[in-house]
Amino acid sequence: MSFTPGAELGKPNLDVFCETLLSLARSDRNVLAVTSDSRGSGRLASFAAALPEQIVEVGIAEQNLVGVAAGLASTGKIVYAVSPASFLTARALEQIKNDVCYSDRPVKLVGISAGVSYGALGSTHHSTHELATLRAIENITIIAPADNLETAQAIKATATMEHPVYLRFGKRPLPHLHPPQTQFAVGKALTVWEGTDIALIATGETVQPALMAARKLQTQGVSARVLSMHTVKPLDVDALLQAARECRAVVTVEEHSIFGGLGEACAAVLMQAGIRIPFRIVGFPDAYLVTGSQLEIFEHYGITAQGLARTAQTMLAT
Amino acid sequence: MTKLELKVKSIQYRKTLLGCIKRANAGHTGGDLSCLDILNVLYNRVLNVSPETFDDPGRDRYVQSKGHSVEALYVVLADRGFFPESDLETLCCYRSRYAGHPTRKVRGIEQNTGALGHGLAFSVGVALAGKMDGAAYRAYTLVGDGELVEGSNWESMLTAAHYRLDNLVAIADRNRLQITGCTEDVCALEPLREKVEAFGWAVREVDGHDVAALTETLGAVPFASGKPSMVIARTVKGKGISFMENDPKWHHHVPTDEQYARAQQELDRLLREVQA
Ligand SMILES: [Mg+2]
């Protein structure tokens, strides 16, 4: 039976993360989860019940969370520091910068309920800044998996990484985007849909609407390529340049501010490679975001099949 | 090492330290002199670590949370053979490993510090791992008193008590000064001992320049089974140089040629007295 990307609904990436981490931790007692009263609305409860010696709870204290994680990692522990992306990457930014990145401690920072996953809870709970802040910090890999396969593979890959890494994902069930046998590698973008008119380069939970846009565009006679740029840093420059050379326009899509994230990373690569084609960054504007669920916020800012298809058509018409 | 030998080292370290600071035309002179006797006792009497065992998972860990006093640490590490003493000549020079705050590029440095309020959390992680693994090592960290106003320290104190980390030792360099002036005028810490005890720690106070008392106190950890230990070391910023003592201006002041000569003369005189 052939695989159709996006046809079958999977689980929330948060659930896949918890299952994968539990399986890693069962086979290696050095694998630890460190939490700041942040067990993913109870989803890490099964980990705590199964392996109580391998979970470290520090209470609501994100700075401490990251510092303690760095200390644990310095002794050879394989440490996943788990906290809502917003608090982890803003409250504890100096600990990430100094204790983890500058000191080169291979902590796996896991930002849960990332982007606007908290929806109507508002801006205090949103992380629409951290791709920019973390990209500007030396010595950290940044991964935003788009579906369950990417999440499971990314978590497994990070276990043996010797340098810091940040992962971000949300809690909404996501469709499967890749056939089960897909080879995932950190730093290598995955093609979700082939196309040659326009490239939609997306990351994290915006890959799904990008795929839906490509399918919509197909019915309108436009061939759109969709790349899952799950690793935002280091960027897969080869895949980006190839897409830009084989297509007539590029649109980037991210659950992040339009400043400093995937879009500006791609723009810098293309400009410095001398590639001048229509280019658009889709994300959140420099403004007070509307209130709503994650999908309502996506809709408001054009991160939907219809919104992205319209953006693509406009760009190809110019 | 005998008490007399330790006392001699304290003076010799000060002479070397001032030479480094003068040559580099940079350094946190006052705080270096404040914590130098603590470092002397730690590295010569307490810590189970040496250049040969620095990669051993069972070594004691020392993290200098008050990273700005790095020159004092470099001087002691050089004396203990972690790197050649001649390396000290490159302090803060272009492309030198020896930056103005500790980094792991220097052998003997456990963790990069410099931003304040970071060393304790890291040391909690190290101590926690030691408990998990049933390891015999201890985690030691030196915090400045001005630094103690950073809230992250108190988060870490809570965690250390919660996990009953009696293999963790924090030493507070209580010189009562910070860059602006007296700690009690900037943001009062007292009663410090009672605050730390209320956070679940066992606390002892000691004269932070009395090498015998420091040896005895640091040798008595844990002060209570199941509790992290804090040593409040009563120190004098600028200790050992008459015109630097208790003057916040020496936080990161570099002596003039004349001041440098006077300081070395004072130390030479002290050395003759101690050796007599
Ligand atoms: Mg002080």
# chains A, B, ... in the order shown; residues from 1 in each chain; ligands from 1

call {"tool": "residues_near_ligand", "arguments": {"ligand": "ligand 1", "cutoff": "8 Å", "atoms": "only C-alpha atoms and all ligand atoms", "output": "NGL selection string"}}
result
:B and (31 or 144-147 or 173-179 or 183 or 237)

call {"tool": "interface_residues", "arguments": {"of": "chain A", "to": "chain B", "cutoff": "9 Å", "atoms": "only C-alpha atoms", "output": "list in words"}}
result
Glu53, Gln54, Glu57, Val58, Gly59, Ile60, Ala61, Gln63, Asn64, Leu65, Val66, Gly67, Val68, Ala69, Ala70, Gly71, Leu72, Ala73, Ser74, Thr75, Gly76, Lys77, Glu94, Gln95, Asn98, Asp99, Tyr102, Ser103 and Asp104 of chain A

call {"tool": "residues_around", "arguments": {"residues": "stretch 173-189 of chain A", "least_positions_apart": "4", "cutoff": "9 Å", "atoms": "only C-alpha atoms", "output": "compact mmCIF listing (two decimals) with all heavy atoms, in the first residue's frame"}}
result
# COMPACT_ATOMS: atom_id res chain seq x y z
N SER A 2 0.55 2.18 -0.83
CA SER A 2 1.40 3.36 -0.92
C SER A 2 1.10 4.33 0.22
O SER A 2 -0.01 4.36 0.74
CB SER A 2 1.19 4.07 -2.27
OG SER A 2 -0.07 4.67 -2.28
N PHE A 3 2.10 5.10 0.58
CA PHE A 3 1.97 6.03 1.70
C PHE A 3 1.57 7.40 1.18
O PHE A 3 2.17 7.91 0.23
CB PHE A 3 3.32 6.13 2.43
CG PHE A 3 3.31 7.13 3.55
CD1 PHE A 3 2.83 6.78 4.80
CD2 PHE A 3 3.75 8.43 3.34
CE1 PHE A 3 2.81 7.71 5.84
CE2 PHE A 3 3.73 9.36 4.36
CZ PHE A 3 3.25 9.01 5.61
N THR A 4 0.53 7.97 1.77
CA THR A 4 0.14 9.32 1.40
C THR A 4 0.47 10.26 2.55
O THR A 4 -0.08 10.12 3.64
CB THR A 4 -1.38 9.40 1.11
OG1 THR A 4 -1.69 8.38 0.17
CG2 THR A 4 -1.75 10.76 0.54
N PRO A 5 1.40 11.21 2.34
CA PRO A 5 1.76 12.11 3.43
C PRO A 5 0.55 12.89 3.93
O PRO A 5 -0.22 13.41 3.13
CB PRO A 5 2.79 13.06 2.78
CG PRO A 5 3.24 12.38 1.55
CD PRO A 5 2.12 11.50 1.10
N GLY A 6 0.39 12.93 5.22
CA GLY A 6 -0.66 13.74 5.80
C GLY A 6 -2.01 13.06 5.89
O GLY A 6 -2.95 13.63 6.43
N ALA A 7 -2.11 11.83 5.36
CA ALA A 7 -3.44 11.19 5.29
C ALA A 7 -3.87 10.61 6.63
O ALA A 7 -5.05 10.60 6.96
CB ALA A 7 -3.42 10.09 4.23
N GLU A 8 -2.91 10.12 7.42
CA GLU A 8 -3.28 9.42 8.65
C GLU A 8 -2.82 10.21 9.88
O GLU A 8 -1.66 10.64 9.94
CB GLU A 8 -2.62 8.03 8.64
CG GLU A 8 -3.15 7.11 9.71
CD GLU A 8 -2.20 5.93 9.94
OE1 GLU A 8 -1.47 5.55 8.98
OE2 GLU A 8 -2.16 5.45 11.08
N LEU A 9 -3.74 10.36 10.80
CA LEU A 9 -3.41 11.14 12.01
C LEU A 9 -2.61 10.30 13.00
O LEU A 9 -2.95 9.15 13.26
CB LEU A 9 -4.69 11.64 12.67
CG LEU A 9 -4.49 12.72 13.74
CD1 LEU A 9 -3.89 14.00 13.17
CD2 LEU A 9 -5.83 13.03 14.45
N GLY A 10 -1.55 10.89 13.51
CA GLY A 10 -0.75 10.22 14.54
C GLY A 10 -1.04 10.80 15.91
O GLY A 10 -2.17 11.19 16.20
N LYS A 11 -0.02 10.86 16.73
CA LYS A 11 -0.17 11.33 18.12
C LYS A 11 0.44 12.72 18.25
O LYS A 11 1.16 13.18 17.37
CB LYS A 11 0.62 10.41 19.06
CG LYS A 11 0.25 8.95 19.01
CD LYS A 11 1.24 8.20 19.88
CE LYS A 11 1.09 6.71 19.70
NZ LYS A 11 2.10 5.96 20.44
N PRO A 12 0.24 13.33 19.40
CA PRO A 12 1.02 14.55 19.68
C PRO A 12 2.52 14.21 19.76
O PRO A 12 2.88 13.13 20.27
CB PRO A 12 0.52 15.01 21.05
CG PRO A 12 -0.81 14.34 21.23
CD PRO A 12 -0.71 13.04 20.49
N ASN A 13 3.35 15.07 19.27
CA ASN A 13 4.80 14.83 19.36
C ASN A 13 5.24 14.71 20.82
O ASN A 13 6.20 13.99 21.13
CB ASN A 13 5.58 15.96 18.67
CG ASN A 13 5.58 15.81 17.16
OD1 ASN A 13 5.23 14.74 16.63
ND2 ASN A 13 5.97 16.87 16.46
N LEU A 14 4.55 15.39 21.71
CA LEU A 14 4.86 15.29 23.14
C LEU A 14 4.74 13.84 23.63
O LEU A 14 5.60 13.35 24.37
CB LEU A 14 3.91 16.20 23.93
CG LEU A 14 4.02 16.15 25.46
CD1 LEU A 14 5.42 16.55 25.92
CD2 LEU A 14 2.98 17.06 26.11
N THR A 141 22.59 22.81 18.54
CA THR A 141 21.78 22.34 17.42
C THR A 141 20.32 22.59 17.78
O THR A 141 19.93 22.42 18.93
CB THR A 141 22.03 20.83 17.21
OG1 THR A 141 23.39 20.64 16.85
CG2 THR A 141 21.14 20.26 16.13
N ILE A 143 16.36 21.75 16.74
CA ILE A 143 15.51 20.82 15.98
C ILE A 143 14.04 21.04 16.32
O ILE A 143 13.67 21.09 17.49
CB ILE A 143 15.88 19.34 16.28
CG1 ILE A 143 17.37 19.08 16.03
CG2 ILE A 143 15.02 18.40 15.44
CD1 ILE A 143 17.84 17.70 16.47
N ALA A 146 8.56 17.66 12.76
CA ALA A 146 7.27 17.98 12.15
C ALA A 146 6.22 16.90 12.40
O ALA A 146 5.03 17.17 12.29
CB ALA A 146 7.44 18.19 10.65
N ASP A 147 6.66 15.69 12.65
CA ASP A 147 5.67 14.63 12.89
C ASP A 147 6.23 13.60 13.87
O ASP A 147 7.33 13.80 14.41
CB ASP A 147 5.23 13.98 11.56
CG ASP A 147 6.27 13.04 10.98
OD1 ASP A 147 7.45 13.08 11.43
OD2 ASP A 147 5.93 12.25 10.07
N ASN A 148 5.50 12.53 14.07
CA ASN A 148 5.89 11.54 15.07
C ASN A 148 7.20 10.84 14.71
O ASN A 148 8.05 10.62 15.58
CB ASN A 148 4.80 10.48 15.25
CG ASN A 148 3.50 11.02 15.82
OD1 ASN A 148 2.51 10.31 15.89
ND2 ASN A 148 3.47 12.29 16.22
N LEU A 149 7.38 10.53 13.42
CA LEU A 149 8.61 9.86 13.01
C LEU A 149 9.82 10.77 13.25
O LEU A 149 10.82 10.34 13.83
CB LEU A 149 8.51 9.48 11.53
CG LEU A 149 9.74 8.77 10.94
CD1 LEU A 149 9.32 7.68 9.96
CD2 LEU A 149 10.72 9.75 10.26
N GLU A 150 9.70 12.01 12.85
CA GLU A 150 10.82 12.94 13.06
C GLU A 150 11.11 13.09 14.56
O GLU A 150 12.28 13.16 14.97
CB GLU A 150 10.51 14.31 12.45
CG GLU A 150 10.51 14.33 10.93
CD GLU A 150 10.41 15.75 10.37
OE1 GLU A 150 10.59 16.72 11.14
OE2 GLU A 150 10.14 15.89 9.16
N GLN A 153 12.80 9.83 15.93
CA GLN A 153 14.16 9.71 15.40
C GLN A 153 15.08 10.79 15.97
O GLN A 153 16.25 10.55 16.27
CB GLN A 153 14.15 9.78 13.88
CG GLN A 153 13.43 8.63 13.20
CD GLN A 153 14.11 7.30 13.49
OE1 GLN A 153 15.33 7.21 13.52
NE2 GLN A 153 13.31 6.28 13.74
N ALA A 154 14.54 11.98 16.13
CA ALA A 154 15.36 13.08 16.67
C ALA A 154 15.75 12.79 18.11
O ALA A 154 16.90 12.98 18.51
CB ALA A 154 14.60 14.40 16.58
N ALA A 157 18.40 10.22 18.13
CA ALA A 157 19.67 10.76 17.63
C ALA A 157 20.36 11.64 18.67
O ALA A 157 21.58 11.62 18.81
CB ALA A 157 19.43 11.57 16.35
N THR A 158 19.56 12.39 19.42
CA THR A 158 20.18 13.31 20.38
C THR A 158 20.84 12.57 21.54
O THR A 158 21.75 13.11 22.16
CB THR A 158 19.15 14.30 20.96
OG1 THR A 158 18.10 13.58 21.60
CG2 THR A 158 18.60 15.21 19.90
N GLU A 205 5.63 22.27 13.41
CA GLU A 205 4.23 21.96 13.19
C GLU A 205 3.60 22.77 12.06
O GLU A 205 2.41 22.64 11.79
CB GLU A 205 3.47 22.11 14.52
CG GLU A 205 4.14 21.21 15.55
CD GLU A 205 3.33 20.88 16.80
OE1 GLU A 205 2.19 21.36 16.93
OE2 GLU A 205 3.87 20.12 17.62
N VAL A 207 4.82 22.35 9.01
CA VAL A 207 5.05 21.54 7.80
C VAL A 207 3.71 20.98 7.31
O VAL A 207 3.45 20.91 6.11
CB VAL A 207 6.07 20.41 8.06
CG1 VAL A 207 6.25 19.56 6.80
CG2 VAL A 207 7.41 20.99 8.52
N GLN A 208 2.85 20.61 8.28
CA GLN A 208 1.54 20.07 7.90
C GLN A 208 0.74 21.06 7.04
O GLN A 208 0.31 20.71 5.94
CB GLN A 208 0.76 19.66 9.15
CG GLN A 208 -0.61 19.10 8.80
CD GLN A 208 -1.61 19.24 9.93
OE1 GLN A 208 -1.33 19.86 10.97
NE2 GLN A 208 -2.78 18.66 9.74
N LEU A 211 2.21 21.28 3.62
CA LEU A 211 1.87 20.12 2.78
C LEU A 211 0.45 20.27 2.22
O LEU A 211 0.21 20.04 1.02
CB LEU A 211 1.99 18.83 3.60
CG LEU A 211 1.40 17.59 2.94
CD1 LEU A 211 2.21 17.21 1.69
CD2 LEU A 211 1.36 16.42 3.93
N LEU A 227 9.56 21.05 1.94
CA LEU A 227 10.68 20.51 2.70
C LEU A 227 10.39 20.66 4.18
O LEU A 227 9.94 21.72 4.63
CB LEU A 227 11.96 21.29 2.41
CG LEU A 227 12.65 21.14 1.06
CD1 LEU A 227 13.98 21.90 1.10
CD2 LEU A 227 12.90 19.68 0.73
N SER A 228 10.66 19.60 4.94
CA SER A 228 10.65 19.74 6.40
C SER A 228 12.07 20.07 6.84
O SER A 228 12.95 19.22 6.87
CB SER A 228 10.19 18.44 7.06
OG SER A 228 10.39 18.56 8.47
N MET A 229 12.28 21.35 7.15
CA MET A 229 13.61 21.79 7.62
C MET A 229 13.60 21.64 9.15
O MET A 229 13.59 22.62 9.88
CB MET A 229 13.86 23.23 7.18
CG MET A 229 15.29 23.70 7.37
SD MET A 229 16.51 22.85 6.34
CE MET A 229 16.33 23.72 4.77
N HIS A 230 13.58 20.34 9.56
CA HIS A 230 13.44 20.08 11.00
C HIS A 230 14.63 20.62 11.79
O HIS A 230 14.50 21.00 12.94
CB HIS A 230 13.27 18.58 11.26
CG HIS A 230 14.27 17.73 10.54
ND1 HIS A 230 15.56 17.62 10.93
CD2 HIS A 230 14.13 16.97 9.42
CE1 HIS A 230 16.20 16.82 10.08
NE2 HIS A 230 15.36 16.42 9.16
N THR A 231 15.82 20.62 11.16
CA THR A 231 16.99 21.16 11.86
C THR A 231 17.18 22.61 11.39
O THR A 231 17.53 22.85 10.25
CB THR A 231 18.24 20.32 11.58
OG1 THR A 231 17.95 18.96 11.86
CG2 THR A 231 19.40 20.78 12.45
N VAL A 232 16.88 23.52 12.29
CA VAL A 232 16.98 24.95 11.94
C VAL A 232 18.43 25.41 12.02
O VAL A 232 18.85 26.34 11.36
CB VAL A 232 16.05 25.77 12.86
CG1 VAL A 232 16.22 27.26 12.64
CG2 VAL A 232 14.60 25.36 12.65
N LYS A 233 19.20 24.73 12.89
CA LYS A 233 20.62 25.03 12.99
C LYS A 233 21.36 23.73 13.34
O LYS A 233 21.00 23.13 14.35
CB LYS A 233 20.85 26.08 14.06
CG LYS A 233 22.31 26.54 14.16
CD LYS A 233 22.49 27.44 15.37
CE LYS A 233 23.97 27.68 15.60
NZ LYS A 233 24.19 28.44 16.84
N PRO A 234 22.33 23.29 12.58
CA PRO A 234 22.76 23.90 11.33
C PRO A 234 21.75 23.64 10.21
O PRO A 234 21.21 22.54 10.10
CB PRO A 234 24.08 23.20 11.04
CG PRO A 234 23.95 21.85 11.68
CD PRO A 234 23.12 22.08 12.91
N LEU A 235 21.54 24.67 9.41
CA LEU A 235 20.59 24.60 8.31
C LEU A 235 21.11 23.67 7.22
O LEU A 235 22.31 23.62 6.97
CB LEU A 235 20.45 26.02 7.75
CG LEU A 235 19.19 26.40 7.00
CD1 LEU A 235 17.97 26.33 7.91
CD2 LEU A 235 19.35 27.83 6.46
N ASP A 236 20.17 22.95 6.57
CA ASP A 236 20.58 22.12 5.43
C ASP A 236 20.71 23.03 4.20
O ASP A 236 19.77 23.19 3.42
CB ASP A 236 19.56 21.00 5.19
CG ASP A 236 20.03 20.03 4.13
OD1 ASP A 236 20.98 20.35 3.38
OD2 ASP A 236 19.43 18.94 4.03
N VAL A 237 21.87 23.60 4.06
CA VAL A 237 22.12 24.59 2.99
C VAL A 237 21.98 23.95 1.61
O VAL A 237 21.43 24.56 0.69
CB VAL A 237 23.52 25.22 3.20
CG1 VAL A 237 23.91 26.07 2.01
CG2 VAL A 237 23.54 26.05 4.48
N ASP A 238 22.44 22.72 1.49
CA ASP A 238 22.37 22.05 0.18
C ASP A 238 20.92 21.89 -0.28
O ASP A 238 20.59 22.19 -1.43
CB ASP A 238 23.04 20.67 0.25
CG ASP A 238 24.55 20.79 0.44
OD1 ASP A 238 25.09 21.89 0.17
OD2 ASP A 238 25.18 19.80 0.86
N ALA A 239 20.07 21.42 0.63
CA ALA A 239 18.66 21.23 0.27
C ALA A 239 17.99 22.56 -0.06
O ALA A 239 17.17 22.64 -0.99
CB ALA A 239 17.92 20.53 1.42
N LEU A 240 18.36 23.59 0.69
CA LEU A 240 17.80 24.92 0.45
C LEU A 240 18.21 25.46 -0.92
O LEU A 240 17.39 25.92 -1.71
CB LEU A 240 18.25 25.87 1.57
CG LEU A 240 17.98 27.36 1.35
CD1 LEU A 240 16.49 27.63 1.23
CD2 LEU A 240 18.57 28.18 2.49

call {"tool": "select_by_dssp", "arguments": {"residues": "stretch 16-206 of chain A", "states": "helix (DSSP H, G or I)", "output": "PyMOL selection string"}}
result
chain A and resi 16-27+45-50+52-54+62-74+85-90+93-102+119-121+123-125+130-135+148-159+204-206

call {"tool": "select_by_dssp", "arguments": {"residues": "stretch 14-179 of chain B", "states": "strand (DSSP E or B)", "output": "PyMOL selection string"}}
result
chain B and resi 61-64+139-144+168-174+177-178

call {"tool": "residues_around", "arguments": {"residues": "B:Ala139", "least_positions_apart": "2", "cutoff": "7 Å", "atoms": "only C-alpha atoms", "output": "ChimeraX atom specification"}}
result
/B:60-62,123,126-127,137,141,167-169

call {"tool": "decode", "arguments": {"residues": "stretch 225-244 of chain B", "atoms": "N, CA, C and O atoms", "output": "PDB file, in the first residue's frame"}}
result
ATOM      1  N   SER B 225      24.598  15.036  58.679  1.00  0.00           N
ATOM      2  CA  SER B 225      24.269  13.995  57.711  1.00  0.00           C
ATOM      3  C   SER B 225      22.949  14.346  57.015  1.00  0.00           C
ATOM      4  O   SER B 225      21.992  14.770  57.661  1.00  0.00           O
ATOM      5  N   GLY B 226      22.930  14.203  55.681  1.00  0.00           N
ATOM      6  CA  GLY B 226      21.701  14.474  54.940  1.00  0.00           C
ATOM      7  C   GLY B 226      21.461  15.940  54.625  1.00  0.00           C
ATOM      8  O   GLY B 226      20.427  16.293  54.065  1.00  0.00           O
ATOM      9  N   LYS B 227      22.429  16.793  55.014  1.00  0.00           N
ATOM     10  CA  LYS B 227      22.267  18.210  54.682  1.00  0.00           C
ATOM     11  C   LYS B 227      23.477  18.718  53.893  1.00  0.00           C
ATOM     12  O   LYS B 227      24.613  18.357  54.212  1.00  0.00           O
ATOM     13  N   PRO B 228      23.235  19.585  52.918  1.00  0.00           N
ATOM     14  CA  PRO B 228      24.376  20.258  52.275  1.00  0.00           C
ATOM     15  C   PRO B 228      25.054  21.190  53.282  1.00  0.00           C
ATOM     16  O   PRO B 228      24.410  21.675  54.207  1.00  0.00           O
ATOM     17  N   SER B 229      26.333  21.418  53.076  1.00  0.00           N
ATOM     18  CA  SER B 229      27.105  22.235  54.019  1.00  0.00           C
ATOM     19  C   SER B 229      27.443  23.586  53.402  1.00  0.00           C
ATOM     20  O   SER B 229      27.844  23.654  52.240  1.00  0.00           O
ATOM     21  N   MET B 230      27.299  24.635  54.207  1.00  0.00           N
ATOM     22  CA  MET B 230      27.823  25.924  53.771  1.00  0.00           C
ATOM     23  C   MET B 230      28.829  26.440  54.801  1.00  0.00           C
ATOM     24  O   MET B 230      28.563  26.431  56.002  1.00  0.00           O
ATOM     25  N   VAL B 231      29.964  26.875  54.278  1.00  0.00           N
ATOM     26  CA  VAL B 231      30.962  27.533  55.107  1.00  0.00           C
ATOM     27  C   VAL B 231      30.869  29.025  54.823  1.00  0.00           C
ATOM     28  O   VAL B 231      31.053  29.452  53.678  1.00  0.00           O
ATOM     29  N   ILE B 232      30.531  29.789  55.833  1.00  0.00           N
ATOM     30  CA  ILE B 232      30.577  31.241  55.664  1.00  0.00           C
ATOM     31  C   ILE B 232      31.970  31.672  56.106  1.00  0.00           C
ATOM     32  O   ILE B 232      32.293  31.651  57.293  1.00  0.00           O
ATOM     33  N   ALA B 233      32.797  32.000  55.116  1.00  0.00           N
ATOM     34  CA  ALA B 233      34.188  32.370  55.403  1.00  0.00           C
ATOM     35  C   ALA B 233      34.257  33.881  55.556  1.00  0.00           C
ATOM     36  O   ALA B 233      34.053  34.624  54.582  1.00  0.00           O
ATOM     37  N   ARG B 234      34.529  34.328  56.794  1.00  0.00           N
ATOM     38  CA  ARG B 234      34.649  35.772  57.043  1.00  0.00           C
ATOM     39  C   ARG B 234      35.995  36.235  56.484  1.00  0.00           C
ATOM     40  O   ARG B 234      37.056  35.769  56.927  1.00  0.00           O
ATOM     41  N   THR B 235      35.909  37.072  55.476  1.00  0.00           N
ATOM     42  CA  THR B 235      37.124  37.466  54.757  1.00  0.00           C
ATOM     43  C   THR B 235      37.222  38.982  54.670  1.00  0.00           C
ATOM     44  O   THR B 235      36.284  39.706  55.005  1.00  0.00           O
ATOM     45  N   VAL B 236      38.370  39.418  54.197  1.00  0.00           N
ATOM     46  CA  VAL B 236      38.611  40.844  53.996  1.00  0.00           C
ATOM     47  C   VAL B 236      38.971  41.040  52.529  1.00  0.00           C
ATOM     48  O   VAL B 236      39.917  40.423  52.026  1.00  0.00           O
ATOM     49  N   LYS B 237      38.213  41.862  51.849  1.00  0.00           N
ATOM     50  CA  LYS B 237      38.521  42.151  50.448  1.00  0.00           C
ATOM     51  C   LYS B 237      39.854  42.891  50.398  1.00  0.00           C
ATOM     52  O   LYS B 237      40.068  43.838  51.156  1.00  0.00           O
ATOM     53  N   GLY B 238      40.772  42.433  49.551  1.00  0.00           N
ATOM     54  CA  GLY B 238      42.098  43.046  49.465  1.00  0.00           C
ATOM     55  C   GLY B 238      43.064  42.547  50.537  1.00  0.00           C
ATOM     56  O   GLY B 238      44.143  43.141  50.730  1.00  0.00           O
ATOM     57  N   LYS B 239      42.724  41.435  51.215  1.00  0.00           N
ATOM     58  CA  LYS B 239      43.485  40.949  52.372  1.00  0.00           C
ATOM     59  C   LYS B 239      44.989  40.801  52.086  1.00  0.00           C
ATOM     60  O   LYS B 239      45.389  40.223  51.076  1.00  0.00           O
ATOM     61  N   GLY B 240      45.785  41.345  52.994  1.00  0.00           N
ATOM     62  CA  GLY B 240      47.226  41.149  52.933  1.00  0.00           C
ATOM     63  C   GLY B 240      47.996  42.369  52.463  1.00  0.00           C
ATOM     64  O   GLY B 240      49.198  42.454  52.670  1.00  0.00           O
ATOM     65  N   ILE B 241      47.291  43.312  51.815  1.00  0.00           N
ATOM     66  CA  ILE B 241      47.942  44.539  51.359  1.00  0.00           C
ATOM     67  C   ILE B 241      47.230  45.694  52.079  1.00  0.00           C
ATOM     68  O   ILE B 241      46.042  45.928  51.849  1.00  0.00           O
ATOM     69  N   SER B 242      47.964  46.390  52.934  1.00  0.00           N
ATOM     70  CA  SER B 242      47.324  47.328  53.876  1.00  0.00           C
ATOM     71  C   SER B 242      46.401  48.321  53.181  1.00  0.00           C
ATOM     72  O   SER B 242      45.277  48.555  53.622  1.00  0.00           O
ATOM     73  N   PHE B 243      46.868  48.873  52.069  1.00  0.00           N
ATOM     74  CA  PHE B 243      46.070  49.941  51.444  1.00  0.00           C
ATOM     75  C   PHE B 243      44.974  49.419  50.509  1.00  0.00           C
ATOM     76  O   PHE B 243      44.235  50.198  49.935  1.00  0.00           O
ATOM     77  N   MET B 244      44.895  48.107  50.370  1.00  0.00           N
ATOM     78  CA  MET B 244      43.816  47.543  49.546  1.00  0.00           C
ATOM     79  C   MET B 244      42.668  47.005  50.401  1.00  0.00           C
ATOM     80  O   MET B 244      41.549  46.840  49.906  1.00  0.00           O
TER      81      MET B 244
END
